[in-house]
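Novice: Got a file for you: my_file17.txt, compact mmCIF, C-alpha atoms and all ligand atoms.
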```txt
# COMPACT_ATOMS: atom_id res chain seq x y z
CA MET A 1 63.99 103.88 -59.65
CA THR A 2 67.57 104.14 -60.92
CA ALA A 3 66.48 106.34 -63.81
CA SER A 4 64.76 108.80 -61.50
CA LEU A 5 67.91 109.74 -59.58
CA THR A 6 67.24 113.34 -58.67
CA ALA A 7 69.83 116.11 -58.49
CA ALA A 8 69.41 116.19 -54.70
CA MET A 9 70.04 112.47 -54.40
CA PHE A 10 73.09 112.81 -56.61
CA ARG A 11 74.46 115.59 -54.39
CA THR A 12 73.93 113.38 -51.34
CA LEU A 13 75.85 110.59 -53.02
CA LEU A 14 78.73 112.93 -53.79
CA VAL A 15 78.87 114.28 -50.26
CA THR A 16 79.04 110.80 -48.78
CA ALA A 17 81.45 109.47 -51.39
CA ILE A 18 84.10 112.16 -51.01
CA PRO A 19 85.12 111.38 -47.40
CA LEU A 20 85.29 107.70 -48.33
CA MET A 21 87.66 108.48 -51.17
CA VAL A 22 89.85 110.58 -48.88
CA ALA A 23 90.04 107.77 -46.34
CA ALA A 24 90.78 105.07 -48.90
CA PRO A 25 93.99 103.14 -48.18
CA GLY A 26 96.84 103.96 -50.54
CA LEU A 27 95.89 107.61 -50.90
CA SER A 28 98.37 109.71 -48.97
CA ALA A 29 98.74 113.35 -47.98
CA ALA A 30 95.01 114.00 -48.15
CA SER A 31 95.33 117.12 -46.01
CA ASP A 32 93.32 120.27 -46.64
CA THR A 33 96.05 121.92 -48.69
CA PRO A 34 98.20 119.29 -50.35
CA PRO A 35 101.37 120.74 -51.87
CA ALA A 36 101.22 121.00 -55.65
CA PRO A 37 103.45 118.44 -57.39
CA GLY A 38 106.96 119.77 -57.96
CA SER A 39 106.55 122.60 -55.46
CA ALA A 40 107.93 120.75 -52.41
CA GLU A 41 109.53 123.19 -49.99
CA THR A 42 113.23 122.77 -49.23
CA ILE A 43 114.06 123.03 -45.53
CA VAL A 44 117.57 123.06 -44.11
CA LEU A 45 118.09 121.93 -40.52
CA ARG A 46 121.25 122.94 -38.70
CA ALA A 47 122.50 121.96 -35.26
CA ALA A 48 125.76 121.60 -33.35
CA HIS A 49 125.61 117.77 -33.47
CA VAL A 50 124.04 114.90 -35.35
CA PHE A 51 123.55 111.25 -34.33
CA ASP A 52 122.46 109.70 -37.62
CA SER A 53 122.17 106.09 -36.33
CA THR A 54 124.29 104.67 -39.14
CA GLY A 55 126.81 103.94 -36.37
CA SER A 56 127.55 104.88 -32.77
CA ALA A 57 129.31 108.18 -33.46
CA LEU A 58 128.12 111.70 -32.78
CA LYS A 59 129.23 114.09 -35.53
CA ASP A 60 129.64 117.83 -35.21
CA GLY A 61 128.29 120.63 -37.36
CA ALA A 62 125.32 119.03 -39.04
CA THR A 63 123.26 120.27 -41.97
CA ILE A 64 120.29 118.21 -43.15
CA VAL A 65 118.48 119.17 -46.33
CA VAL A 66 114.85 118.10 -46.61
CA SER A 67 112.62 118.39 -49.66
CA GLY A 68 108.95 117.46 -49.38
CA ASP A 69 108.75 114.35 -47.22
CA ARG A 70 112.32 113.13 -47.99
CA ILE A 71 115.84 113.68 -46.70
CA VAL A 72 118.00 114.98 -49.57
CA SER A 73 121.36 115.09 -47.82
CA VAL A 74 123.02 114.80 -44.43
CA GLY A 75 126.41 116.44 -43.96
CA THR A 76 128.02 119.83 -43.92
CA ALA A 77 127.06 121.02 -47.41
CA MET A 78 126.08 124.66 -47.97
CA PRO A 79 122.28 125.03 -47.97
CA PRO A 80 120.69 125.49 -51.38
CA ALA A 81 119.76 129.09 -52.23
CA GLY A 82 116.23 130.08 -51.23
CA ALA A 83 115.79 127.25 -48.74
CA ARG A 84 114.12 127.87 -45.39
CA VAL A 85 116.83 127.43 -42.75
CA ILE A 86 115.99 126.26 -39.24
CA ASP A 87 119.00 126.69 -36.97
CA LEU A 88 118.56 124.67 -33.79
CA GLY A 89 121.84 125.82 -32.20
CA ASP A 90 123.36 123.66 -29.46
CA ALA A 91 121.27 120.57 -30.12
CA THR A 92 121.58 117.04 -31.52
CA LEU A 93 119.67 116.01 -34.64
CA LEU A 94 118.52 112.38 -34.63
CA PRO A 95 116.27 110.09 -36.64
CA GLY A 96 112.66 110.20 -35.41
CA PHE A 97 112.33 107.81 -32.48
CA ILE A 98 110.59 104.44 -32.84
CA ASP A 99 108.61 102.72 -30.09
CA ALA A 100 108.06 99.04 -30.89
CA HIS A 101 105.49 98.50 -28.12
CA THR A 102 102.61 100.93 -27.67
CA HIS A 103 98.89 100.81 -26.94
CA LEU A 104 97.74 104.10 -28.45
CA THR A 105 94.03 103.48 -27.99
CA SER A 106 93.96 103.34 -24.19
CA GLN A 107 95.65 104.62 -21.06
CA PHE A 108 95.66 103.47 -17.45
CA GLU A 109 94.13 106.24 -15.41
CA LYS A 110 93.03 106.69 -11.85
CA ASP A 111 92.79 103.22 -10.37
CA TYR A 112 92.84 99.76 -11.94
CA TYR A 113 89.11 99.08 -11.73
CA HIS A 114 88.29 102.49 -13.13
CA PHE A 115 90.41 101.59 -16.16
CA VAL A 116 88.74 98.19 -16.60
CA TYR A 117 85.33 99.85 -16.36
CA ASP A 118 86.27 102.49 -18.93
CA ARG A 119 87.51 99.84 -21.36
CA VAL A 120 84.20 98.01 -21.20
CA MET A 121 82.00 101.10 -21.26
CA ARG A 122 83.59 103.29 -23.93
CA PHE A 123 82.06 103.13 -27.41
CA PRO A 124 84.56 102.55 -30.22
CA ALA A 125 84.04 106.12 -31.47
CA GLU A 126 84.77 107.41 -27.99
CA GLN A 127 87.94 105.29 -27.76
CA ALA A 128 89.02 106.72 -31.11
CA LEU A 129 88.79 110.30 -29.85
CA TYR A 130 91.04 109.47 -26.91
CA ALA A 131 93.36 107.55 -29.23
CA ALA A 132 93.78 110.55 -31.53
CA GLN A 133 94.91 112.61 -28.55
CA TYR A 134 97.37 109.93 -27.42
CA ALA A 135 98.75 109.63 -30.97
CA ARG A 136 99.41 113.37 -31.18
CA ARG A 137 101.11 113.37 -27.78
CA THR A 138 103.34 110.48 -28.87
CA LEU A 139 104.41 112.26 -32.05
CA GLU A 140 105.11 115.47 -30.14
CA ALA A 141 107.38 113.43 -27.84
CA GLY A 142 109.58 112.70 -30.88
CA PHE A 143 108.23 109.23 -31.67
CA THR A 144 107.53 109.40 -35.38
CA THR A 145 106.92 105.65 -35.75
CA VAL A 146 105.21 103.20 -33.42
CA ARG A 147 104.30 99.56 -33.50
CA ASN A 148 100.98 99.21 -31.74
CA VAL A 149 100.59 95.83 -30.10
CA GLY A 150 97.01 95.32 -29.05
CA ALA A 151 93.78 97.31 -29.11
CA GLN A 152 90.04 96.74 -28.90
CA ASP A 153 87.33 96.95 -31.53
CA PHE A 154 89.78 97.71 -34.40
CA VAL A 155 90.10 101.27 -33.10
CA ASP A 156 93.86 101.07 -33.83
CA ILE A 157 93.19 100.21 -37.47
CA GLY A 158 90.86 103.21 -37.73
CA LEU A 159 93.44 105.46 -36.08
CA ARG A 160 96.20 104.32 -38.44
CA ASN A 161 93.99 104.85 -41.48
CA ALA A 162 92.97 108.32 -40.27
CA ILE A 163 96.62 109.29 -39.67
CA ASN A 164 97.58 108.04 -43.14
CA ALA A 165 94.72 110.04 -44.65
CA GLY A 166 95.82 113.22 -42.85
CA VAL A 167 92.62 113.32 -40.78
CA ALA A 168 94.46 112.73 -37.47
CA THR A 169 97.94 113.82 -36.39
CA GLY A 170 100.14 111.00 -35.18
CA PRO A 171 103.14 108.81 -35.82
CA ARG A 172 103.51 106.26 -38.61
CA MET A 173 101.68 103.27 -37.16
CA LEU A 174 102.11 99.58 -37.67
CA THR A 175 99.35 97.94 -35.74
CA ALA A 176 98.23 94.50 -34.58
CA ALA A 177 94.47 94.91 -33.98
CA HIS A 178 93.45 92.47 -31.19
CA GLY A 179 96.18 90.47 -29.48
CA ILE A 180 95.81 86.70 -29.92
CA GLY A 181 95.50 84.72 -26.72
CA SER A 182 93.73 81.92 -24.91
CA PRO A 183 90.42 82.07 -23.03
CA GLY A 184 91.21 83.02 -19.46
CA GLY A 185 94.65 84.29 -20.49
CA HIS A 186 96.29 87.71 -20.40
CA PHE A 187 94.28 89.17 -23.30
CA ASP A 188 91.00 87.72 -22.00
CA ASP A 189 91.36 90.01 -19.06
CA TYR A 190 87.82 90.79 -17.94
CA ALA A 191 86.91 88.87 -14.86
CA PHE A 192 83.22 89.74 -15.35
CA PRO A 193 80.78 86.79 -15.15
CA PRO A 194 79.77 85.53 -18.62
CA ASP A 195 76.14 86.61 -18.19
CA ARG A 196 77.33 90.21 -17.69
CA VAL A 197 79.99 90.49 -20.41
CA GLN A 198 79.90 88.12 -23.38
CA PRO A 199 83.13 86.05 -23.57
CA TRP A 200 85.26 86.96 -26.57
CA GLY A 201 86.00 84.78 -29.59
CA PRO A 202 88.45 84.70 -32.50
CA ILE A 203 87.33 88.03 -34.01
CA LYS A 204 88.51 89.66 -30.78
CA GLY A 205 91.64 87.48 -30.71
CA ILE A 206 90.58 84.87 -28.14
CA CYS A 207 91.00 81.34 -29.47
CA SER A 208 91.54 77.68 -28.65
CA GLY A 209 93.29 75.01 -30.71
CA PRO A 210 95.34 75.49 -33.87
CA GLU A 211 92.31 76.00 -36.12
CA GLY A 212 90.69 78.51 -33.78
CA CYS A 213 93.92 80.46 -33.47
CA ARG A 214 94.52 80.39 -37.22
CA GLU A 215 91.04 81.86 -37.63
CA ALA A 216 91.78 84.58 -35.05
CA VAL A 217 94.96 85.57 -36.93
CA ARG A 218 93.13 85.59 -40.25
CA TYR A 219 90.47 87.93 -38.85
CA GLN A 220 93.05 90.44 -37.59
CA MET A 221 94.81 90.41 -40.99
CA LYS A 222 91.52 90.60 -42.88
CA TRP A 223 90.70 93.89 -41.14
CA GLY A 224 94.15 95.36 -41.64
CA ALA A 225 96.66 94.16 -39.02
CA ASP A 226 100.26 94.92 -40.02
CA LEU A 227 101.60 92.38 -37.52
CA ILE A 228 100.33 89.80 -35.06
CA LYS A 229 100.66 90.10 -31.29
CA ILE A 230 100.28 87.08 -29.04
CA ALA A 231 100.16 86.43 -25.30
CA ALA A 232 102.63 83.55 -24.97
CA SER A 233 102.62 83.75 -21.19
CA GLY A 234 100.51 85.35 -18.49
CA GLY A 235 100.79 89.05 -17.80
CA VAL A 236 100.90 91.58 -15.00
CA LEU A 237 97.81 93.73 -15.56
CA SER A 238 95.26 90.91 -15.92
CA GLU A 239 93.56 89.58 -12.84
CA SER A 240 93.02 85.88 -13.26
CA ASP A 241 96.27 84.45 -14.65
CA PRO A 242 99.70 83.61 -13.19
CA VAL A 243 102.30 85.92 -14.77
CA ASP A 244 104.77 83.36 -16.09
CA VAL A 245 102.91 80.21 -17.24
CA PRO A 246 102.56 79.38 -20.96
CA GLN A 247 99.11 80.29 -22.35
CA LEU A 248 99.35 78.90 -25.89
CA THR A 249 100.24 75.33 -26.85
CA PRO A 250 103.05 74.52 -29.31
CA GLU A 251 100.38 73.59 -31.89
CA GLU A 252 98.56 76.90 -31.41
CA LEU A 253 101.82 78.87 -31.58
CA THR A 254 102.88 77.12 -34.78
CA ALA A 255 99.49 77.77 -36.38
CA ILE A 256 99.62 81.47 -35.45
CA VAL A 257 103.19 82.07 -36.59
CA SER A 258 102.86 80.14 -39.85
CA GLU A 259 99.63 81.94 -40.75
CA ALA A 260 101.12 85.38 -39.97
CA HIS A 261 104.40 84.69 -41.79
CA LYS A 262 102.51 83.49 -44.87
CA TRP A 263 101.11 87.02 -45.10
CA ASN A 264 104.56 88.46 -44.38
CA ARG A 265 103.39 89.70 -40.98
CA LYS A 266 105.77 89.59 -38.01
CA VAL A 267 104.77 88.06 -34.69
CA ALA A 268 105.44 89.89 -31.42
CA ALA A 269 105.14 87.68 -28.34
CA HIS A 270 104.15 89.19 -25.02
CA CYS A 271 106.05 86.91 -22.67
CA HIS A 272 107.29 87.08 -19.09
CA GLY A 273 107.89 83.37 -18.39
CA ASP A 274 110.89 81.37 -19.55
CA ALA A 275 109.08 78.16 -20.54
CA ALA A 276 106.58 80.18 -22.60
CA ALA A 277 109.43 82.03 -24.33
CA ARG A 278 111.04 78.71 -25.25
CA LEU A 279 107.82 77.55 -26.92
CA ALA A 280 107.31 80.87 -28.70
CA ILE A 281 110.90 80.97 -30.00
CA ALA A 282 110.62 77.37 -31.21
CA ALA A 283 107.46 78.34 -33.13
CA GLY A 284 109.38 81.17 -34.84
CA VAL A 285 108.21 84.46 -33.27
CA ASP A 286 110.14 87.59 -34.23
CA SER A 287 110.36 89.26 -30.82
CA ILE A 288 109.86 88.63 -27.14
CA GLU A 289 108.19 91.56 -25.38
CA HIS A 290 108.99 92.21 -21.66
CA GLY A 291 110.93 88.97 -21.00
CA SER A 292 111.04 89.34 -17.20
CA PHE A 293 111.97 85.78 -16.24
CA LEU A 294 114.10 84.74 -19.24
CA THR A 295 117.15 82.61 -18.39
CA GLU A 296 120.57 83.04 -19.96
CA ASP A 297 120.07 79.90 -22.05
CA THR A 298 116.90 81.36 -23.56
CA LEU A 299 118.62 84.70 -24.20
CA LYS A 300 121.43 82.86 -25.99
CA LEU A 301 118.85 81.06 -28.11
CA MET A 302 117.32 84.43 -29.03
CA LYS A 303 120.70 85.77 -30.04
CA SER A 304 121.47 82.74 -32.21
CA LYS A 305 118.06 82.94 -33.92
CA GLY A 306 118.02 86.74 -34.25
CA VAL A 307 114.90 87.06 -32.06
CA TYR A 308 114.65 90.58 -30.65
CA LEU A 309 114.04 91.49 -27.04
CA VAL A 310 111.70 94.46 -26.55
CA PRO A 311 112.40 95.08 -22.87
CA THR A 312 109.75 97.73 -21.99
CA ARG A 313 111.74 99.08 -19.00
CA MET A 314 109.22 101.92 -18.83
CA ALA A 315 106.40 99.46 -18.06
CA VAL A 316 108.52 97.82 -15.38
CA TYR A 317 109.32 101.22 -13.87
CA TRP A 318 105.69 102.32 -13.96
CA VAL A 319 104.04 99.19 -12.55
CA SER A 320 106.57 99.14 -9.70
CA LYS A 321 105.83 102.78 -8.93
CA MET A 322 102.06 102.20 -9.08
CA ALA A 323 101.97 98.73 -7.44
CA ASP A 324 100.31 100.01 -4.25
CA THR A 325 97.33 101.25 -6.28
CA TYR A 326 96.68 97.87 -7.99
CA PRO A 327 94.54 95.03 -6.60
CA PRO A 328 96.74 92.78 -4.38
CA LYS A 329 97.10 89.94 -6.92
CA ILE A 330 98.26 92.34 -9.62
CA ALA A 331 100.55 94.21 -7.23
CA ALA A 332 102.27 90.92 -6.34
CA LYS A 333 102.78 90.08 -10.02
CA ALA A 334 104.11 93.59 -10.75
CA ARG A 335 106.66 93.32 -7.96
CA ALA A 336 107.80 89.82 -8.96
CA ALA A 337 108.28 90.76 -12.62
CA ALA A 338 110.07 94.00 -11.74
CA ALA A 339 112.42 92.21 -9.34
CA ALA A 340 113.53 89.77 -12.06
CA HIS A 341 113.58 92.12 -15.05
CA GLY A 342 116.72 94.17 -14.31
CA ASN A 343 119.03 91.17 -14.13
CA MET A 344 117.47 89.68 -17.25
CA PHE A 345 118.10 92.96 -19.12
CA LYS A 346 121.73 93.09 -17.96
CA ALA A 347 122.25 89.47 -19.10
CA ALA A 348 120.70 90.26 -22.49
CA LEU A 349 123.12 93.19 -22.88
CA ARG A 350 126.12 91.08 -21.89
CA LEU A 351 125.13 88.29 -24.27
CA GLY A 352 124.47 90.64 -27.20
CA VAL A 353 120.78 89.84 -27.73
CA PRO A 354 119.31 92.22 -30.34
CA ILE A 355 117.28 94.86 -28.50
CA ALA A 356 114.58 97.15 -29.90
CA LEU A 357 113.13 99.98 -27.83
CA GLY A 358 109.57 99.52 -26.66
CA THR A 359 107.77 101.10 -23.73
CA ASP A 360 104.24 99.67 -23.31
CA ALA A 361 102.82 103.18 -23.63
CA GLY A 362 99.27 103.18 -22.29
CA VAL A 363 100.35 101.32 -19.17
CA TYR A 364 101.83 104.76 -18.29
CA PRO A 365 100.58 108.12 -19.64
CA HIS A 366 101.30 108.58 -23.35
CA GLY A 367 104.08 111.00 -24.28
CA MET A 368 106.63 109.85 -21.68
CA ASN A 369 108.11 107.31 -24.12
CA GLY A 370 111.51 109.07 -24.21
CA MET A 371 112.23 107.96 -20.63
CA GLU A 372 112.96 104.48 -22.01
CA PHE A 373 116.38 105.61 -23.33
CA GLY A 374 117.53 106.70 -19.86
CA LEU A 375 116.01 103.66 -18.14
CA MET A 376 117.99 101.33 -20.42
CA ALA A 377 121.16 103.42 -19.93
CA ASP A 378 120.68 103.22 -16.13
CA LEU A 379 121.22 99.44 -16.41
CA GLY A 380 124.48 99.74 -18.30
CA MET A 381 123.45 100.14 -21.94
CA SER A 382 125.59 102.82 -23.58
CA PRO A 383 123.67 105.94 -24.61
CA ALA A 384 124.61 105.26 -28.25
CA ALA A 385 123.28 101.68 -28.06
CA ALA A 386 120.06 102.92 -26.44
CA LEU A 387 119.61 105.44 -29.27
CA LEU A 388 120.23 102.74 -31.89
CA ALA A 389 117.65 100.51 -30.15
CA GLY A 390 115.10 103.31 -30.49
CA THR A 391 115.90 104.14 -34.12
CA ARG A 392 117.83 101.83 -36.47
CA ASP A 393 117.27 98.57 -34.59
CA ALA A 394 113.58 99.10 -33.88
CA ALA A 395 113.17 99.90 -37.59
CA LYS A 396 114.77 96.57 -38.47
CA LEU A 397 112.58 94.61 -36.06
CA ILE A 398 109.38 96.09 -37.41
CA GLY A 399 110.52 95.93 -41.04
CA VAL A 400 110.60 99.63 -41.96
CA GLU A 401 114.38 100.06 -42.14
CA SER A 402 114.34 101.08 -45.81
CA GLU A 403 112.09 104.02 -44.92
CA VAL A 404 113.15 105.21 -41.43
CA GLY A 405 115.57 104.55 -38.55
CA THR A 406 118.63 106.43 -39.84
CA LEU A 407 119.29 109.88 -41.22
CA GLU A 408 120.29 109.16 -44.81
CA ALA A 409 119.50 110.61 -48.21
CA GLY A 410 116.29 109.15 -49.63
CA LYS A 411 114.74 108.20 -46.30
CA ALA A 412 111.57 109.76 -44.91
CA ALA A 413 112.15 113.15 -43.30
CA ASP A 414 111.39 111.99 -39.74
CA ILE A 415 113.83 114.05 -37.69
CA VAL A 416 114.09 114.97 -34.01
CA ALA A 417 116.35 117.46 -32.23
CA VAL A 418 117.10 117.33 -28.52
CA PRO A 419 118.98 119.96 -26.52
CA GLY A 420 122.79 119.73 -26.19
CA ASN A 421 124.94 116.69 -26.81
CA VAL A 422 122.69 113.63 -26.52
CA LEU A 423 125.55 111.25 -25.69
CA SER A 424 126.49 113.28 -22.61
CA ASP A 425 122.85 113.59 -21.51
CA ILE A 426 120.60 110.76 -22.71
CA HIS A 427 117.69 112.27 -20.75
CA ALA A 428 117.58 115.03 -23.36
CA THR A 429 115.49 112.54 -25.39
CA GLU A 430 112.65 113.18 -22.90
CA HIS A 431 112.11 116.73 -24.13
CA PRO A 432 112.75 117.17 -27.84
CA LEU A 433 112.83 120.79 -28.97
CA PHE A 434 112.09 119.96 -32.59
CA VAL A 435 110.09 117.20 -34.28
CA MET A 436 109.61 116.74 -38.02
CA HIS A 437 107.43 113.97 -39.46
CA LEU A 438 107.38 113.33 -43.23
CA GLY A 439 108.84 116.79 -43.79
CA GLN A 440 106.19 118.57 -41.68
CA VAL A 441 107.34 120.49 -38.61
CA VAL A 442 105.32 119.20 -35.64
CA VAL A 443 107.27 120.77 -32.76
CA GLN A 444 109.65 123.72 -32.88
CA LYS A 445 110.56 125.15 -29.50
CA SER A 446 113.50 127.29 -30.58
CA GLY A 447 115.38 128.26 -33.72
CA ASN A 448 114.08 130.66 -36.33
ZN ZN A 501 101.82 95.82 -23.97
```
Could you write out this file's structure as structure tokens?
Ligand SMILES: [Zn+2]

Specialist:
Amino acid sequence: MTASLTAAMFRTLLVTAIPLMVAAPGLSAASDTPPAPGSAETIVLRAAHVFDSTGSALKDGATIVVSGDRIVSVGTAMPPAGARVIDLGDATLLPGFIDAHTHLTSQFEKDYYHFVYDRVMRFPAEQALYAAQYARRTLEAGFTTVRNVGAQDFVDIGLRNAINAGVATGPRMLTAAHGIGSPGGHFDDYAFPPDRVQPWGPIKGICSGPEGCREAVRYQMKWGADLIKIAASGGVLSESDPVDVPQLTPEELTAIVSEAHKWNRKVAAHCHGDAAARLAIAAGVDSIEHGSFLTEDTLKLMKSKGVYLVPTRMAVYWVSKMADTYPPKIAAKARAAAAAHGNMFKAALRLGVPIALGTDAGVYPHGMNGMEFGLMADLGMSPAAALLAGTRDAAKLIGVESEVGTLEAGKAADIVAVPGNVLSDIHATEHPLFVMHLGQVVVQKSGN
């Protein structure tokens, strides 16, 4: 049989093998027309101001030279001869924004039950088509890197791989696959009877006991998770659980964190409640997401241990705005979390807890991520600190600071421009006029 491989069969093999090769991890820039080696175009970006995120200062008269996917220089040097010059005029150049808390594979639409129904009914391939659209929208909003913290059916892994292969357009993605949580907890959020929808197990992140949870973590990493997300406490948009109670035991938390850290994967803990945060911090998580009911003592502990807060003000803003449209139990949780969150955020600022920008995109429509800067500034964070949270500091939390987060020679050419002086109008981050990702111009609304 092997010897009688016909020419037609061989052609079929080739046709099926080529897309697999293109999608293989580790192969980059597999676009239709990859630039020939050594022929990388030099692009010079000019604008009235630059906020390079190496500090809190805005500098005037910026020139950034980009070659291929890298930044060559940032300063006021004369552009090299023959370079393509893009003059953005009265604008501020910044590092591409980073959102440390997104859900790129889904989006709350219409009413709550419609969303739950869609999540159950959509095939993975169908989810992926939506996800590709959300990813593009996110990139066009100036977010060139995201950390995705929870998805179904490994659709996020597929999306990341497709973006890396040049098949889909989207931000650099670090992604968690399924969030790890307990049966009946925030991530086990379908209240359907078990004879209608099969209860989930460790492959889909739902686990009990240290061994079960270790297995759940191993499965996410096996299929490509860059980090691990857990539900340390209850959540807002799940129907059966109280918002603040711990949902994982100390033994489960320790098993999860030790297994993830062994693989050099960070652990992001969804957590509203204070007692749950205490347990998660003791187990060694790297960040607390949301943090609505954290006390000052817990915030101090985070500061001393270098645990980041990812405040997701955008989620708080959105669930408060939409509360009337949610089922009553969820509306009550949304209001309670929102009422506590502002004071917690102000205390975190005052105490100097490290803060990384995250929005919970998907809870609100994708592409509005830039509102997070203004929402943090509204509560007293300086515009410069908000910008650092969404660039340099988010890069540090997610472990990509050698590649992105600041505008410096040698880093990836992920560059955003917003109109005017960004420190005098932080809301300018909501409508970037220029977005470059890995040296490719994604958005250019003015200039030449
Ligand atoms: Zn989330």

Novice: Closest to Thr298 in chain A among A:Arg70, A:Gln198, A:Ala132, A:Arg278, using all atoms listed in the file?

Specialist: A:Arg278

Novice: Quick one: contact table of chain A to ligand ZN 501 (chain A), 8 Å max, nearest atom pair and distance in Å to one decimal per residue, counting only C-alpha atoms and all ligand atoms, chain and number order, as CSV?

Specialist:
```
residue,atom,partner,partner_atom,distance
A:His101,CA,A:ZN501,ZN,6.2
A:Thr102,CA,A:ZN501,ZN,6.4
A:His103,CA,A:ZN501,ZN,6.5
A:Val149,CA,A:ZN501,ZN,6.3
A:Gly150,CA,A:ZN501,ZN,7.0
A:His270,CA,A:ZN501,ZN,7.1
A:Glu289,CA,A:ZN501,ZN,7.8
A:Thr359,CA,A:ZN501,ZN,8.0
A:Asp360,CA,A:ZN501,ZN,4.6
A:Ala361,CA,A:ZN501,ZN,7.4
A:Gly362,CA,A:ZN501,ZN,8.0
A:Val363,CA,A:ZN501,ZN,7.4
```

Novice: Using all atoms listed in the file, give me every residue within 10 Å of (92.8, 101.9, -38.9) in file coordinates, as JSON, numbers by chain.

Specialist: {"A": [23, 25, 128, 154, 155, 156, 157, 158, 159, 160, 161, 162, 163, 164, 173, 174, 175, 177, 223, 224, 225]}

Novice: Please build the interface table for range 142-194 of chain A against range 393-416 of chain A with a cut-off of 8 Å, listing for each qualifying residue the nearest atom pair and the distance in Å to one decimal; count all atoms listed in the file, order rows by chain and increasing number, and write it as a Markdown table.

Specialist:
```
| residue | atom | partner | partner_atom | distance |
| --- | --- | --- | --- | --- |
| A:Gly142 | CA | A:Val416 | CA | 5.9 |
| A:Thr144 | CA | A:Asp414 | CA | 6.4 |
| A:Arg147 | CA | A:Ile398 | CA | 7.3 |
```

Novice: Work out how far CA of Asp241 in chain A is from CA of Trp318 in chain A, in Å to one decimal.

Specialist: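 Those two atoms sit 20.2 Å apart.
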
Novice: Between CA of Tyr219 in chain A and CA of Pro124 in chain A, what is the spacing in Å?

Specialist: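 Calculated distance between CA of Pro124 in chain A and CA of Tyr219 in chain A is 18.0 Å.
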
Novice: Please report the interatomic distance between CA of Met302 in chain A and CA of Pro242 in chain A in Å with one decimal.

Specialist: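 Value for the CA of Met302 in chain A-CA of Pro242 in chain A distance: 23.7 Å.
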
Novice: Kindly indicate which residue among A:Asp189, A:Gly291, A:Val66, A:Asp324 lies nearest to Arg119 in chain A, using only C-alpha atoms for the distances.

Specialist: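 Once distances to Arg119 in chain A are computed over only C-alpha atoms, the minimum belongs to A:Asp189.
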
Novice: Out of A:Asp226, A:Asp111, A:Asp195, A:Glu140, which residue has the shortest atom-to-atom distance to Pro432 in chain A when counting only C-alpha atoms?

Specialist: A:Glu140

Novice: Please determine, counting only C-alpha atoms, which residue among A:Asp99, A:Ala57, A:Ala334, A:Gly439 has the shortest atom-to-atom distance to Ala40 in chain A.

Specialist: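 Closest to Ala40 in chain A, using only C-alpha atoms: A:Gly439.
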
Novice: As a list of chain:residue names, please: the residues near Thr254 in chain A (cut-off 9 Å, all atoms listed in the file, same-chain neighbours under 2 positions excluded).

Specialist: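 Final neighbour list, sorted by chain and number: A:Pro210, A:Thr249, A:Pro250, A:Glu251, A:Glu252, A:Ile256, A:Val257, A:Ser258, A:Glu259, A:Ala280, A:Ala282, A:Ala283, A:Gly284.
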
Novice: Env of Ala277 in chain A: 8 Å cut, atoms = only C-alpha atoms, seq-sep filter 5 positions within chain, self excluded. Answer as JSON, numbers by chain.

Specialist: {"A": [232, 233, 271, 272, 288, 291, 294, 298]}

Novice: Show me, as a list in words, the residues that have an atom within 12 Å of Val197 in chain A when counting all atoms listed in the file, minus same-chain residues fewer than 4 positions from it.

Specialist: Tyr117, Val120, Met121, Asp188, Asp189, Tyr190, Ala191, Phe192 and Pro193 of chain A

Novice: Would you save the residues from that selection as an mmCIF file, in the coordinates of the input, using C-alpha atoms?

Specialist:
```cif
data_model
loop_
_atom_site.group_PDB
_atom_site.id
_atom_site.type_symbol
_atom_site.label_atom_id
_atom_site.label_comp_id
_atom_site.auth_asym_id
_atom_site.auth_seq_id
_atom_site.Cartn_x
_atom_site.Cartn_y
_atom_site.Cartn_z
ATOM 1 C CA TYR A 117 85.330 99.850 -16.360
ATOM 2 C CA VAL A 120 84.200 98.010 -21.200
ATOM 3 C CA MET A 121 82.000 101.100 -21.260
ATOM 4 C CA ASP A 188 91.000 87.720 -22.000
ATOM 5 C CA ASP A 189 91.360 90.010 -19.060
ATOM 6 C CA TYR A 190 87.820 90.790 -17.940
ATOM 7 C CA ALA A 191 86.910 88.870 -14.860
ATOM 8 C CA PHE A 192 83.220 89.740 -15.350
ATOM 9 C CA PRO A 193 80.780 86.790 -15.150
#
```

Novice: Using only C-alpha atoms, give me every residue within 12 Å of (127.7, 105.7, -38.0) in file coordinates, as a compact mmCIF listing (two decimals) with C-alpha atoms, keeping the file's coordinate frame.

Specialist:
```
# COMPACT_ATOMS: atom_id res chain seq x y z
CA VAL A 50 124.04 114.90 -35.35
CA PHE A 51 123.55 111.25 -34.33
CA ASP A 52 122.46 109.70 -37.62
CA SER A 53 122.17 106.09 -36.33
CA THR A 54 124.29 104.67 -39.14
CA GLY A 55 126.81 103.94 -36.37
CA SER A 56 127.55 104.88 -32.77
CA ALA A 57 129.31 108.18 -33.46
CA LEU A 58 128.12 111.70 -32.78
CA LYS A 59 129.23 114.09 -35.53
CA LEU A 94 118.52 112.38 -34.63
CA ALA A 384 124.61 105.26 -28.25
CA ALA A 385 123.28 101.68 -28.06
CA LEU A 387 119.61 105.44 -29.27
CA LEU A 388 120.23 102.74 -31.89
CA ARG A 392 117.83 101.83 -36.47
CA THR A 406 118.63 106.43 -39.84
CA LEU A 407 119.29 109.88 -41.22
CA GLU A 408 120.29 109.16 -44.81
```

Novice: Looking at all atoms listed in the file, which of A:Ala231, A:Ala315, A:Ala331, A:Val44 is the one that sits closest to Ile64 in chain A?

Specialist: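 Looking only at the distances to Ile64 in chain A, the closest residue turns out to be A:Val44.
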